[in-house]
$ cat query01.cif   # mmCIF, C-alpha atoms
data_query
loop_
_atom_site.label_atom_id
_atom_site.label_comp_id
_atom_site.auth_asym_id
_atom_site.auth_seq_id
_atom_site.Cartn_x
_atom_site.Cartn_y
_atom_site.Cartn_z
CA MET O 111 23.32 -9.24 27.23
CA LEU O 112 23.48 -11.32 30.43
CA TYR O 113 20.09 -12.85 29.67
CA GLY O 114 21.02 -13.92 26.15
CA LYS O 115 24.42 -15.39 27.02
CA LEU O 116 23.78 -16.99 30.41
CA ILE O 117 20.24 -16.94 31.78
CA LYS O 118 18.32 -17.86 28.62
CA PRO O 119 20.47 -20.96 27.79
CA LEU O 120 19.97 -22.20 31.35
CA LEU O 121 16.22 -21.61 31.32
CA PHE O 122 15.78 -23.07 27.84
CA SER O 123 17.55 -26.24 28.97
CA LEU O 124 14.59 -26.85 31.28
CA PRO O 125 10.98 -27.70 30.47
CA PRO O 126 9.10 -24.41 29.82
CA GLU O 127 6.79 -24.62 32.82
CA GLN O 128 9.65 -25.47 35.18
CA ALA O 129 11.63 -22.52 33.83
CA HIS O 130 8.60 -20.27 34.34
CA HIS O 131 8.27 -21.42 37.94
CA ILE O 132 11.96 -20.65 38.60
CA VAL O 133 11.62 -17.15 37.16
CA THR O 134 8.46 -16.27 39.10
CA ALA O 135 9.87 -17.74 42.33
CA THR O 136 13.09 -15.75 41.90
CA LEU O 137 11.17 -12.53 41.34
CA SER O 138 8.98 -13.21 44.36
CA LEU O 139 12.08 -13.82 46.49
CA LEU O 140 13.74 -10.60 45.24
CA GLY O 141 10.60 -8.72 46.23
CA LYS O 142 11.00 -9.91 49.81
CA VAL O 143 14.70 -8.95 50.02
CA PRO O 144 15.33 -5.34 51.15
CA GLY O 145 16.41 -3.36 48.10
CA GLY O 146 15.41 -6.15 45.72
CA ARG O 147 12.83 -4.15 43.78
CA TRP O 148 15.14 -1.13 43.77
CA LEU O 149 17.82 -3.29 42.11
CA LEU O 150 15.36 -4.56 39.49
CA HIS O 151 14.35 -0.98 38.77
CA LYS O 152 17.96 0.17 38.36
CA LEU O 153 18.80 -2.73 36.05
CA TYR O 154 15.83 -2.65 33.70
CA ALA O 155 13.50 0.34 34.08
CA THR O 156 13.46 3.35 31.77
CA GLU O 157 11.71 6.53 32.83
CA ASP O 158 10.97 9.57 30.72
CA PRO O 159 8.04 12.00 30.58
CA SER O 160 7.55 11.21 26.88
CA LEU O 161 6.64 7.61 27.79
CA GLU O 162 3.69 8.55 29.99
CA ARG O 163 0.20 7.81 28.70
CA GLU O 164 -3.29 8.55 29.99
CA VAL O 165 -5.67 5.85 28.82
CA PHE O 166 -9.26 5.27 30.00
CA GLY O 167 -8.63 7.72 32.82
CA ILE O 168 -5.51 5.99 34.19
CA ARG O 169 -2.02 7.48 34.08
CA PHE O 170 0.56 4.92 32.91
CA LYS O 171 4.30 5.53 33.39
CA ASN O 172 4.89 3.87 30.02
CA PRO O 173 2.74 1.95 27.50
CA VAL O 174 4.45 -1.47 27.86
CA GLY O 175 2.59 -3.99 30.01
CA MET O 176 2.83 -7.66 30.89
CA ALA O 177 0.04 -9.76 29.39
CA ALA O 178 -2.18 -12.09 31.38
CA GLY O 179 -0.82 -15.59 31.86
CA PHE O 180 2.63 -14.70 33.15
CA ASP O 181 1.54 -13.65 36.64
CA ARG O 182 -1.34 -16.10 36.82
CA TYR O 183 -1.93 -15.76 40.54
CA GLY O 184 -1.23 -12.05 41.08
CA HIS O 185 1.82 -12.53 43.32
CA ILE O 186 4.68 -10.85 41.37
CA TYR O 187 3.04 -7.78 39.84
CA ARG O 188 5.07 -5.44 42.09
CA GLU O 189 8.35 -6.98 40.96
CA LEU O 190 7.32 -6.79 37.29
CA SER O 191 6.37 -3.16 37.78
CA ALA O 192 9.77 -2.49 39.35
CA MET O 193 11.42 -4.01 36.26
CA GLY O 194 9.90 -1.32 34.10
CA PHE O 195 6.49 -2.58 33.04
CA GLY O 196 3.96 0.22 32.87
CA PHE O 197 1.22 -2.13 34.05
CA VAL O 198 0.64 -5.82 34.75
CA GLU O 199 -2.44 -7.85 33.86
CA VAL O 200 -2.85 -10.77 36.26
CA GLY O 201 -4.85 -13.95 35.76
CA SER O 202 -6.92 -15.32 34.33
CA ILE O 203 -8.72 -15.42 37.66
CA THR O 204 -11.67 -17.76 38.13
CA PRO O 205 -14.07 -18.04 41.09
CA LYS O 206 -12.79 -21.47 42.11
CA ARG O 207 -9.33 -22.98 42.07
CA GLN O 208 -8.59 -25.12 39.03
CA PRO O 209 -5.30 -26.73 37.91
CA GLY O 210 -5.65 -26.38 34.17
CA ASN O 211 -4.91 -29.16 31.71
CA PRO O 212 -2.50 -32.05 32.36
CA LYS O 213 1.26 -31.54 31.90
CA PRO O 214 3.25 -31.22 29.71
CA ARG O 215 1.22 -28.37 28.33
CA ILE O 216 3.72 -25.66 27.22
CA PHE O 217 6.15 -26.20 24.33
CA ARG O 218 8.77 -24.01 22.69
CA LEU O 219 8.88 -23.64 18.91
CA ASP O 220 12.33 -22.07 18.77
CA ALA O 221 12.63 -21.87 14.98
CA ALA O 222 9.44 -19.82 14.85
CA ARG O 223 10.22 -17.90 18.07
CA ALA O 224 6.88 -19.07 19.41
CA LEU O 225 5.20 -21.01 22.19
CA LEU O 226 2.47 -23.61 21.87
CA ASN O 227 0.41 -24.10 25.00
CA ARG O 228 -2.66 -25.96 26.12
CA VAL O 229 -2.60 -24.87 29.75
CA GLY O 230 -6.21 -23.73 29.73
CA ILE O 231 -6.95 -21.49 32.70
CA CYS O 232 -4.72 -22.38 35.64
CA SER O 233 -6.04 -20.45 38.62
CA HIS O 234 -5.61 -20.52 42.39
CA GLY O 235 -9.11 -19.10 42.73
CA LEU O 236 -10.66 -15.82 43.71
CA ASP O 237 -9.80 -15.84 47.42
CA ARG O 238 -6.08 -16.36 46.79
CA ALA O 239 -6.04 -13.59 44.19
CA VAL O 240 -7.69 -11.15 46.60
CA ALA O 241 -5.12 -12.01 49.27
CA HIS O 242 -2.30 -11.09 46.89
CA LEU O 243 -3.92 -7.99 45.41
CA ARG O 244 -4.83 -6.38 48.72
CA GLN O 245 -1.12 -5.98 49.54
CA PRO O 246 0.35 -2.46 49.25
CA ARG O 247 1.34 -2.01 45.63
CA GLY O 248 3.00 1.41 45.46
CA GLU O 249 2.72 2.81 41.93
CA ALA O 250 2.01 -0.52 40.25
CA ILE O 251 -1.03 -0.54 37.93
CA VAL O 252 -2.85 -3.88 37.90
CA GLY O 253 -5.47 -5.18 35.54
CA CYS O 254 -7.49 -8.29 36.37
CA ASN O 255 -8.22 -10.76 33.59
CA ILE O 256 -11.31 -12.69 34.69
CA GLY O 257 -12.86 -15.85 33.31
CA LYS O 258 -15.23 -18.65 34.15
CA ASN O 259 -14.33 -22.01 35.60
CA THR O 260 -13.99 -24.74 32.99
CA ALA O 261 -16.65 -26.80 34.74
CA THR O 262 -19.16 -23.94 34.57
CA PRO O 263 -21.60 -24.39 31.67
CA CYS O 264 -21.48 -21.56 29.17
CA ASP O 265 -25.06 -20.53 29.90
CA GLN O 266 -24.07 -19.96 33.56
CA ALA O 267 -20.89 -18.06 32.70
CA PRO O 268 -22.28 -14.57 33.53
CA ALA O 269 -22.52 -15.53 37.22
CA ASP O 270 -18.83 -16.53 37.31
CA TYR O 271 -17.75 -13.25 35.71
CA LEU O 272 -19.91 -11.18 38.04
CA LYS O 273 -18.56 -12.95 41.13
CA CYS O 274 -14.95 -12.22 40.13
CA PHE O 275 -15.82 -8.65 39.16
CA ARG O 276 -17.58 -7.84 42.44
CA ASN O 277 -14.89 -9.32 44.68
CA LEU O 278 -11.92 -7.84 42.81
CA TYR O 279 -13.48 -4.45 42.10
CA GLN O 280 -11.69 -2.52 44.84
CA TYR O 281 -8.31 -4.08 44.07
CA ALA O 282 -8.09 -3.81 40.27
CA ASP O 283 -7.34 -0.72 38.21
CA TYR O 284 -9.15 -2.18 35.18
CA PHE O 285 -10.73 -5.46 34.08
CA THR O 286 -10.26 -7.60 30.98
CA ILE O 287 -13.11 -9.96 30.15
CA ASN O 288 -11.78 -13.24 28.74
CA VAL O 289 -14.85 -14.59 26.96
CA ALA O 290 -13.48 -17.86 25.57
CA CYS O 291 -15.81 -20.58 26.86
CA ASP O 292 -13.07 -23.20 26.79
CA PRO O 293 -9.53 -21.90 26.17
CA GLY O 294 -7.99 -23.63 23.19
CA GLN O 295 -11.24 -24.18 21.30
CA LYS O 296 -12.31 -22.05 18.36
CA ALA O 297 -13.45 -18.82 20.01
CA ALA O 298 -16.09 -18.02 17.39
CA SER O 299 -18.34 -20.74 18.79
CA TYR O 300 -19.05 -18.62 21.87
CA GLN O 301 -18.29 -15.05 20.91
CA THR O 302 -21.71 -13.95 19.69
CA ARG O 303 -23.35 -10.63 20.48
CA GLU O 304 -25.99 -12.32 22.63
CA ASN O 305 -23.51 -14.25 24.75
CA ILE O 306 -21.14 -11.30 25.18
CA THR O 307 -24.00 -8.99 26.17
CA LYS O 308 -25.23 -11.46 28.78
CA ILE O 309 -21.78 -11.41 30.39
CA LEU O 310 -21.23 -7.65 30.20
CA GLU O 311 -24.61 -6.26 31.27
CA PRO O 312 -24.41 -7.44 34.93
CA LEU O 313 -20.91 -5.95 35.17
CA PHE O 314 -22.09 -2.59 33.87
CA GLU O 315 -25.04 -2.67 36.28
CA PHE O 316 -22.80 -3.38 39.28
CA ARG O 317 -20.36 -0.63 38.28
CA ARG O 318 -23.15 1.96 38.11
CA GLY O 319 -23.69 1.56 41.85
CA GLN O 320 -20.03 2.08 42.82
CA ASN O 321 -18.28 5.27 43.87
CA GLN O 322 -15.15 4.39 41.88
CA TYR O 323 -15.05 3.72 38.15
CA ARG O 324 -13.22 0.66 36.82
CA PRO O 325 -12.72 0.39 33.04
CA ILE O 326 -13.95 -2.84 31.43
CA LEU O 327 -12.20 -4.18 28.34
CA LEU O 328 -13.08 -7.10 26.08
CA LYS O 329 -10.35 -9.46 24.85
CA VAL O 330 -10.77 -10.88 21.35
CA SER O 331 -9.26 -13.83 19.52
CA PRO O 332 -7.24 -13.55 16.29
CA ASP O 333 -9.15 -16.58 14.99
CA LEU O 334 -12.39 -14.63 14.67
CA SER O 335 -13.43 -13.66 11.17
CA ASP O 336 -13.17 -10.00 10.19
CA GLU O 337 -16.96 -9.79 10.33
CA THR O 338 -16.97 -11.08 13.91
CA ILE O 339 -14.20 -8.65 14.85
CA ASP O 340 -16.49 -5.91 13.53
CA LEU O 341 -19.31 -7.32 15.65
CA MET O 342 -17.13 -7.19 18.78
CA THR O 343 -16.18 -3.61 17.93
CA ASP O 344 -19.83 -2.67 17.47
CA ILE O 345 -20.59 -4.06 20.94
CA MET O 346 -17.97 -1.65 22.26
CA LEU O 347 -19.57 1.23 20.35
CA ASP O 348 -23.09 0.38 21.55
CA THR O 349 -22.41 -0.36 25.24
CA PRO O 350 -20.47 1.19 28.16
CA LEU O 351 -17.47 -1.02 27.28
CA ASP O 352 -14.28 1.02 27.64
CA GLY O 353 -11.94 -0.64 25.16
CA MET O 354 -10.52 -3.80 23.62
CA VAL O 355 -7.54 -6.09 24.17
CA ALA O 356 -6.39 -7.57 20.87
CA VAL O 357 -5.41 -10.37 20.55
CA ASN O 358 -5.27 -13.72 22.35
CA ALA O 359 -3.22 -16.72 21.14
CA THR O 360 -4.25 -18.52 17.94
CA VAL O 361 -5.16 -22.07 16.96
CA SER O 362 -3.62 -21.41 13.54
CA ARG O 363 -0.39 -23.21 12.64
CA GLU O 364 0.64 -20.67 10.04
CA GLY O 365 4.28 -19.66 10.47
CA VAL O 366 5.30 -22.73 12.48
CA ASP O 367 6.75 -26.12 11.58
CA ARG O 368 3.59 -28.09 10.94
CA LEU O 369 5.24 -31.45 11.54
CA GLU O 370 6.50 -30.32 14.93
CA ALA O 371 3.17 -28.73 15.80
CA THR O 372 1.34 -31.91 14.77
CA ARG O 373 3.68 -33.99 16.92
CA ILE O 374 2.97 -31.76 19.94
CA GLY O 375 -0.77 -31.80 19.36
CA ALA O 376 -3.51 -29.43 20.46
CA GLY O 377 -2.90 -25.94 21.79
CA VAL O 378 -2.70 -22.30 20.86
CA VAL O 379 0.32 -20.50 19.43
CA SER O 380 1.78 -17.19 20.60
CA GLY O 381 4.84 -15.25 19.49
CA GLN O 382 6.24 -14.23 16.14
CA PRO O 383 3.72 -16.15 13.95
CA LEU O 384 1.01 -13.96 15.46
CA THR O 385 2.60 -10.59 14.66
CA GLN O 386 0.84 -9.76 11.39
CA ARG O 387 -2.62 -10.98 12.38
CA ALA O 388 -2.46 -9.03 15.64
CA LEU O 389 -1.63 -5.87 13.69
CA GLU O 390 -4.50 -6.50 11.28
CA VAL O 391 -7.03 -6.94 14.10
CA VAL O 392 -5.85 -3.85 15.99
CA ARG O 393 -5.92 -1.77 12.82
CA ARG O 394 -9.42 -2.99 11.98
CA ILE O 395 -10.79 -2.19 15.44
CA HIS O 396 -9.10 1.23 15.41
CA THR O 397 -10.55 2.07 11.98
CA ARG O 398 -14.08 0.88 12.71
CA SER O 399 -14.19 2.73 16.06
CA GLY O 400 -12.80 5.90 14.53
CA GLY O 401 -9.85 5.83 16.90
CA ASN O 402 -12.15 6.88 19.74
CA PHE O 403 -11.73 3.85 22.00
CA PRO O 404 -8.57 2.58 23.72
CA ILE O 405 -6.93 -0.60 22.43
CA ILE O 406 -4.32 -2.72 24.20
CA GLY O 407 -2.28 -4.40 21.48
CA VAL O 408 -0.84 -7.81 22.30
CA GLY O 409 0.45 -10.69 20.21
CA GLY O 410 3.75 -11.18 18.40
CA ILE O 411 5.57 -8.15 19.84
CA MET O 412 9.13 -9.48 19.71
CA THR O 413 11.19 -6.33 18.99
CA PRO O 414 11.02 -2.54 19.45
CA ASP O 415 10.02 -2.26 15.79
CA ASP O 416 7.08 -4.62 16.41
CA ALA O 417 6.05 -2.40 19.33
CA LYS O 418 6.17 0.75 17.20
CA ALA O 419 4.20 -0.98 14.43
CA MET O 420 1.51 -1.92 16.95
CA LEU O 421 1.25 1.66 18.17
CA ASP O 422 1.11 2.89 14.58
CA ALA O 423 -1.72 0.43 13.90
CA GLY O 424 -3.80 2.17 16.56
CA ALA O 425 -2.90 0.58 19.90
CA ASP O 426 -2.72 2.91 22.89
CA LEU O 427 -0.94 0.41 25.14
CA LEU O 428 1.09 -2.77 24.54
CA GLN O 429 1.48 -6.12 26.26
CA LEU O 430 4.33 -8.62 26.08
CA TYR O 431 4.50 -12.31 26.86
CA THR O 432 6.34 -14.59 24.41
CA GLY O 433 8.66 -11.78 23.32
CA TYR O 434 9.63 -11.34 26.96
CA ILE O 435 10.45 -15.05 27.27
CA TYR O 436 12.65 -15.08 24.17
CA ASN O 437 14.34 -11.70 24.74
CA GLY O 438 14.30 -11.30 28.49
CA PRO O 439 13.52 -8.23 30.62
CA GLY O 440 15.78 -6.08 28.45
CA LEU O 441 13.01 -6.02 25.83
CA VAL O 442 10.93 -3.67 27.99
CA ARG O 443 13.90 -1.34 28.36
CA ASP O 444 14.72 -1.50 24.64
CA ILE O 445 11.14 -0.69 23.62
CA CYS O 446 10.98 2.24 26.04
CA ARG O 447 14.32 3.60 24.84
CA ALA O 448 13.21 3.33 21.22
CA LEU O 449 10.02 5.23 22.01
CA VAL O 450 11.99 7.92 23.86
CA ALA O 451 14.37 8.25 20.89
CA ASP O 452 11.42 8.61 18.52
CA ALA O 453 9.83 11.24 20.78
CA GLU O 454 13.10 13.18 20.92
CA ALA O 455 13.53 12.99 17.15
CA LYS O 456 9.96 14.17 16.64
CA ALA O 457 10.44 17.04 19.09
CA ALA O 458 13.70 18.04 17.37
CA ALA O 459 11.99 17.98 13.97
CA GLU O 460 9.13 20.10 15.30
CA ARG O 461 11.59 22.59 16.81
CA ALA O 462 13.50 22.76 13.53
CA ALA O 463 10.27 23.29 11.59
CA THR O 464 9.18 26.00 14.05
CA GLU O 465 12.55 27.75 13.82
CA ARG O 466 12.52 27.51 10.02
CA ALA O 467 9.00 28.93 9.86
CA ALA O 468 10.01 31.75 12.24
CA THR O 469 13.09 32.55 10.11
CA GLU O 470 11.04 32.59 6.91
CA ARG O 471 8.38 34.76 8.55
CA ALA O 472 11.00 37.20 9.83
CA ALA O 473 12.59 37.39 6.37
CA ALA O 474 9.21 38.03 4.78
CA GLU O 475 8.44 40.75 7.33
CA ARG O 476 11.83 42.43 6.69
CA ALA O 477 11.26 42.33 2.94
CA ALA O 478 7.80 43.84 3.36
CA ALA O 479 9.17 46.55 5.66
CA GLU O 480 11.93 47.46 3.22
CA LYS O 481 9.44 47.64 0.38
CA THR O 482 7.14 49.85 2.44
CA THR O 483 10.04 52.18 3.39
CA ALA O 484 11.30 52.46 -0.18
CA LYS O 485 7.91 53.45 -1.63
CA PRO O 486 7.34 56.73 0.33
CA ALA O 487 10.96 57.74 -0.29
CA ALA O 488 10.40 57.47 -4.00
CA GLN O 489 7.23 59.54 -3.73
CA GLN O 490 9.08 62.39 -1.90
CA LEU O 491 11.76 63.00 -4.60
CA PRO O 492 11.37 66.49 -6.38
CA ALA O 493 10.20 66.45 -9.95
CA LYS O 494 12.99 66.85 -12.53
CA HIS O 495 13.22 70.61 -13.51
CA THR O 496 13.43 71.49 -17.17
CA PRO O 497 14.53 75.13 -17.70
CA GLN O 498 12.15 77.17 -19.80
CA PRO O 499 13.50 79.71 -22.32
CA ALA O 500 13.06 83.37 -21.28
CA ALA O 501 10.06 85.07 -22.82
CA THR O 502 10.91 87.91 -25.25
CA ALA O 503 8.62 90.90 -25.22
CA PRO O 504 7.23 91.78 -28.62
CA ALA O 505 8.69 94.91 -30.18
CA PRO O 506 6.37 97.88 -30.42
CA GLU O 507 5.14 98.69 -33.85
CA ASN O 508 7.11 101.92 -34.03
CA ALA O 509 10.17 100.76 -32.25
CA GLU O 510 12.35 103.36 -33.86
CA ASN O 511 10.29 106.23 -32.40
CA ALA O 512 9.65 104.64 -29.01
CA GLU O 513 11.26 106.22 -26.02
CA PRO O 514 13.39 103.94 -23.88
CA ALA O 515 11.97 103.03 -20.47
CA PRO O 516 13.71 104.39 -17.43
CA ALA O 517 16.54 102.13 -16.33
CA GLU O 518 15.09 101.46 -12.87
CA SER O 519 11.79 100.28 -14.36
CA ARG O 520 13.31 97.63 -16.64
CA THR O 521 12.68 94.01 -15.92
CA PRO O 522 14.75 91.08 -17.15
CA ALA O 523 12.02 90.27 -19.62
CA GLN O 524 12.23 93.83 -20.94
CA SER O 525 15.98 94.01 -21.09
CA GLY O 526 17.32 94.57 -24.52
CA PRO O 527 20.81 94.72 -25.91
CA ASP O 528 21.62 97.77 -23.82
CA SER O 529 21.26 95.71 -20.64
CA GLU O 530 24.25 93.54 -21.52
CA GLN O 531 26.63 96.45 -22.03
CA PRO O 532 29.37 96.81 -19.47
CA GLU O 533 29.27 99.77 -17.20
CA SER O 534 31.45 102.70 -18.35
#

$ encode --input "query01.cif" --output "structure tokens"
Amino acid sequence: MLYGKLIKPLLFSLPPEQAHHIVTATLSLLGKVPGGRWLLHKLYATEDPSLEREVFGIRFKNPVGMAAGFDRYGHIYRELSAMGFGFVEVGSITPKRQPGNPKPRIFRLDAARALLNRVGICSHGLDRAVAHLRQPRGEAIVGCNIGKNTATPCDQAPADYLKCFRNLYQYADYFTINVACDPGQKAASYQTRENITKILEPLFEFRRGQNQYRPILLKVSPDLSDETIDLMTDIMLDTPLDGMVAVNATVSREGVDRLEATRIGAGVVSGQPLTQRALEVVRRIHTRSGGNFPIIGVGGIMTPDDAKAMLDAGADLLQLYTGYIYNGPGLVRDICRALVADAEAKAAAERAATERAATERAAAERAAAEKTTAKPAAQQLPAKHTPQPAATAPAPENAENAEPAPAESRTPAQSGPDSEQPES
């Protein structure tokens, strides 16, 4: 509420990069003030056991992370973690310092709820990143997005990636390999199986000799064809790659004001125009891999519903960037609360189903018991007795001359008329 009514109007009155600098500087300052991170946590963080995830061997407090590009230099990841992010991906980090492209290089497309940027990779270099990342981090989970220097020829790129990987290995929880040769160009020109394998193989080889395991993920562009997305997925299936990050920003102008975009010029677009393509790519990777490899879904997550759609498409974790800029830090809290509400509703439905099944089972058992009890009772009833008429002894042939039997020897069957006479 405060962000939308006060902070956002102030920030959006400034050039985007200046506003970004103010935000990151403020967070850095709060991190140095006693109780600053505690205050950020109280204001924005949501904690619940249902939010916890274990992905590629790492336990995340929730699935919502900050994408690479926001904390370019790795100096505010602890503050972002305190605000409720389950993890923070810093970078891109390159071996040498480089300033990126000339300013202005970030532009807001408010009508489309998007950003257009041509920053390139703006990095303070490997040594500065190590200095930040070696600081005590508490429970913060940090991924390192690594790339090559712009001046490095593409055929020498593997050496740049390996240098970053080796020097950051003990400080990162996982690595994301940003394979775009020149950010902002069409990614398909470099993302071939041969080039990707040349970058990844030295990283796998170095990791084999370490005591600690660091997951390696490959980040893919939404501008790749579906066939190339399948190729990237097959690389994951055929190598020790641990997962995918999908997707990066796009060179497409679909969903934005083309006149405005043309006026601004070159760059890549992030935000709401990317939502559907990001879902398509994540769903495609999830389907082709059989759901057996982790996916970090990023791109166009602007609302809690977008976050849930991304998880439904097959993502295990999420990352925000443009949605965070347009909605503020409350978006992390809102997504987490929505996921908690869904988990509670699911648990309640499962309890209701379990109770209903137990009730039905108990009723069936009672009915069976009553039926079993009634059957033996019916079998034990005496047979209905039908009286038989008394047998009459045949009269002797010479009944007139026959002597009567002694009274004490008569039986009921032998009793004649005399037996019914009253005593005198």

$ residues_around --input "query01.cif" --residues "region 405-417 of chain O" --least-positions-apart "6" --cutoff "8 Å" --atoms "all atoms listed in the file" --output "PyMOL selection string"
chain O and resi 177+353-359+380-386+388-389+392+396+424-434+436-437+441+444-445+448

$ closest_residue --input "query01.cif" --among "O:Ser399, O:Gln301, O:Asn227, O:Ser191" --to "Gly175 (chain O)" --atoms "all atoms listed in the file"
O:Ser191

$ closest_residue --input "query01.cif" --among "O:Ala224, O:Cys232, O:Leu190, O:Ala282" --to "Val252 (chain O)" --atoms "only C-alpha atoms"
O:Ala282

$ residues_near_point --input "query01.cif" --point "(-16.0, -21.4, 32.2)" --cutoff "10 Å" --atoms "all atoms listed in the file" --output "PyMOL selection string"
chain O and resi 204-205+231+257-268+270-271+288-293

$ residues_around --input "query01.cif" --residues "Asp367 (chain O)" --least-positions-apart "5" --cutoff "9 Å" --atoms "all atoms listed in the file" --output "list in words"
Leu219, Ala221, Ala222 and Thr372 of chain O

$ resolve_selection --input "query01.cif" --expression "the PyMOL selection byres ((chain O and resi 171) around 10)" --output "number ranges by chain"
O: 156-164, 168-170, 172-174, 191, 194-197, 249-251

$ atom_distance --input "query01.cif" --atom1 "CA of Tyr284 (chain O)" --atom2 "CA of Cys254 (chain O)"
6.4 Å

$ residues_around --input "query01.cif" --residues "Arg394 (chain O)" --least-positions-apart "6" --cutoff "9 Å" --atoms "only C-alpha atoms" --output "PDB file with C-alpha atoms, in the coordinates of the input"
ATOM      1  CA  ASP O 336     -13.170 -10.000  10.190  1.00  0.00           C
ATOM      2  CA  ILE O 339     -14.200  -8.650  14.850  1.00  0.00           C
ATOM      3  CA  ASP O 340     -16.490  -5.910  13.530  1.00  0.00           C
ATOM      4  CA  ALA O 423      -1.720   0.430  13.900  1.00  0.00           C
ATOM      5  CA  GLY O 424      -3.800   2.170  16.560  1.00  0.00           C
TER       6      GLY O 424
END

$ residues_near_point --input "query01.cif" --point "(0.2, -10.2, 34.9)" --cutoff "8 Å" --atoms "all atoms listed in the file" --output "PyMOL selection string"
chain O and resi 176-182+184+186-187+198-201+252-253

$ closest_residue --input "query01.cif" --among "O:Lys329, O:Arg443, O:Arg207, O:Lys213" --to "Thr286 (chain O)" --atoms "only C-alpha atoms"
O:Lys329

$ resolve_selection --input "query01.cif" --expression "the PyMOL selection byres ((chain O and resi 351) around 10)" --output "PyMOL selection string"
chain O and resi 310-311+313-314+325-328+343+345-350+352-354+403

$ closest_residue --input "query01.cif" --among "O:Asp422, O:Glu127, O:Asp237, O:Glu454" --to "Pro214 (chain O)" --atoms "all atoms listed in the file"
O:Glu127

$ residues_around --input "query01.cif" --residues "Leu149 (chain O)" --least-positions-apart "5" --cutoff "9 Å" --atoms "all atoms listed in the file" --output "mmCIF file with C-alpha atoms, in the frame of the given file"
data_model
loop_
_atom_site.group_PDB
_atom_site.id
_atom_site.type_symbol
_atom_site.label_atom_id
_atom_site.label_comp_id
_atom_site.auth_asym_id
_atom_site.auth_seq_id
_atom_site.Cartn_x
_atom_site.Cartn_y
_atom_site.Cartn_z
ATOM 1 C CA LEU O 140 13.740 -10.600 45.240
ATOM 2 C CA TYR O 154 15.830 -2.650 33.700
ATOM 3 C CA ALA O 192 9.770 -2.490 39.350
ATOM 4 C CA MET O 193 11.420 -4.010 36.260
#

$ resolve_selection --input "query01.cif" --expression "the PyMOL selection byres ((chain O and resi 275) around 9)" --output "PyMOL selection string"
chain O and resi 254+256+270-274+276-279+285+313+316

$ atom_distance --input "query01.cif" --atom1 "CA of Leu243 (chain O)" --atom2 "CA of Gln280 (chain O)"
9.5 Å

$ closest_residue --input "query01.cif" --among "O:Ser335, O:Arg373, O:Glu189, O:Thr482" --to "Ala135 (chain O)" --atoms "all atoms listed in the file"
O:Glu189

$ closest_residue --input "query01.cif" --among "O:Ala155, O:Ala459, O:Ile395, O:Asn402" --to "Cys446 (chain O)" --atoms "all atoms listed in the file"
O:Ala155

$ atom_distance --input "query01.cif" --atom1 "CA of Ile287 (chain O)" --atom2 "CA of Thr338 (chain O)"
16.7 Å
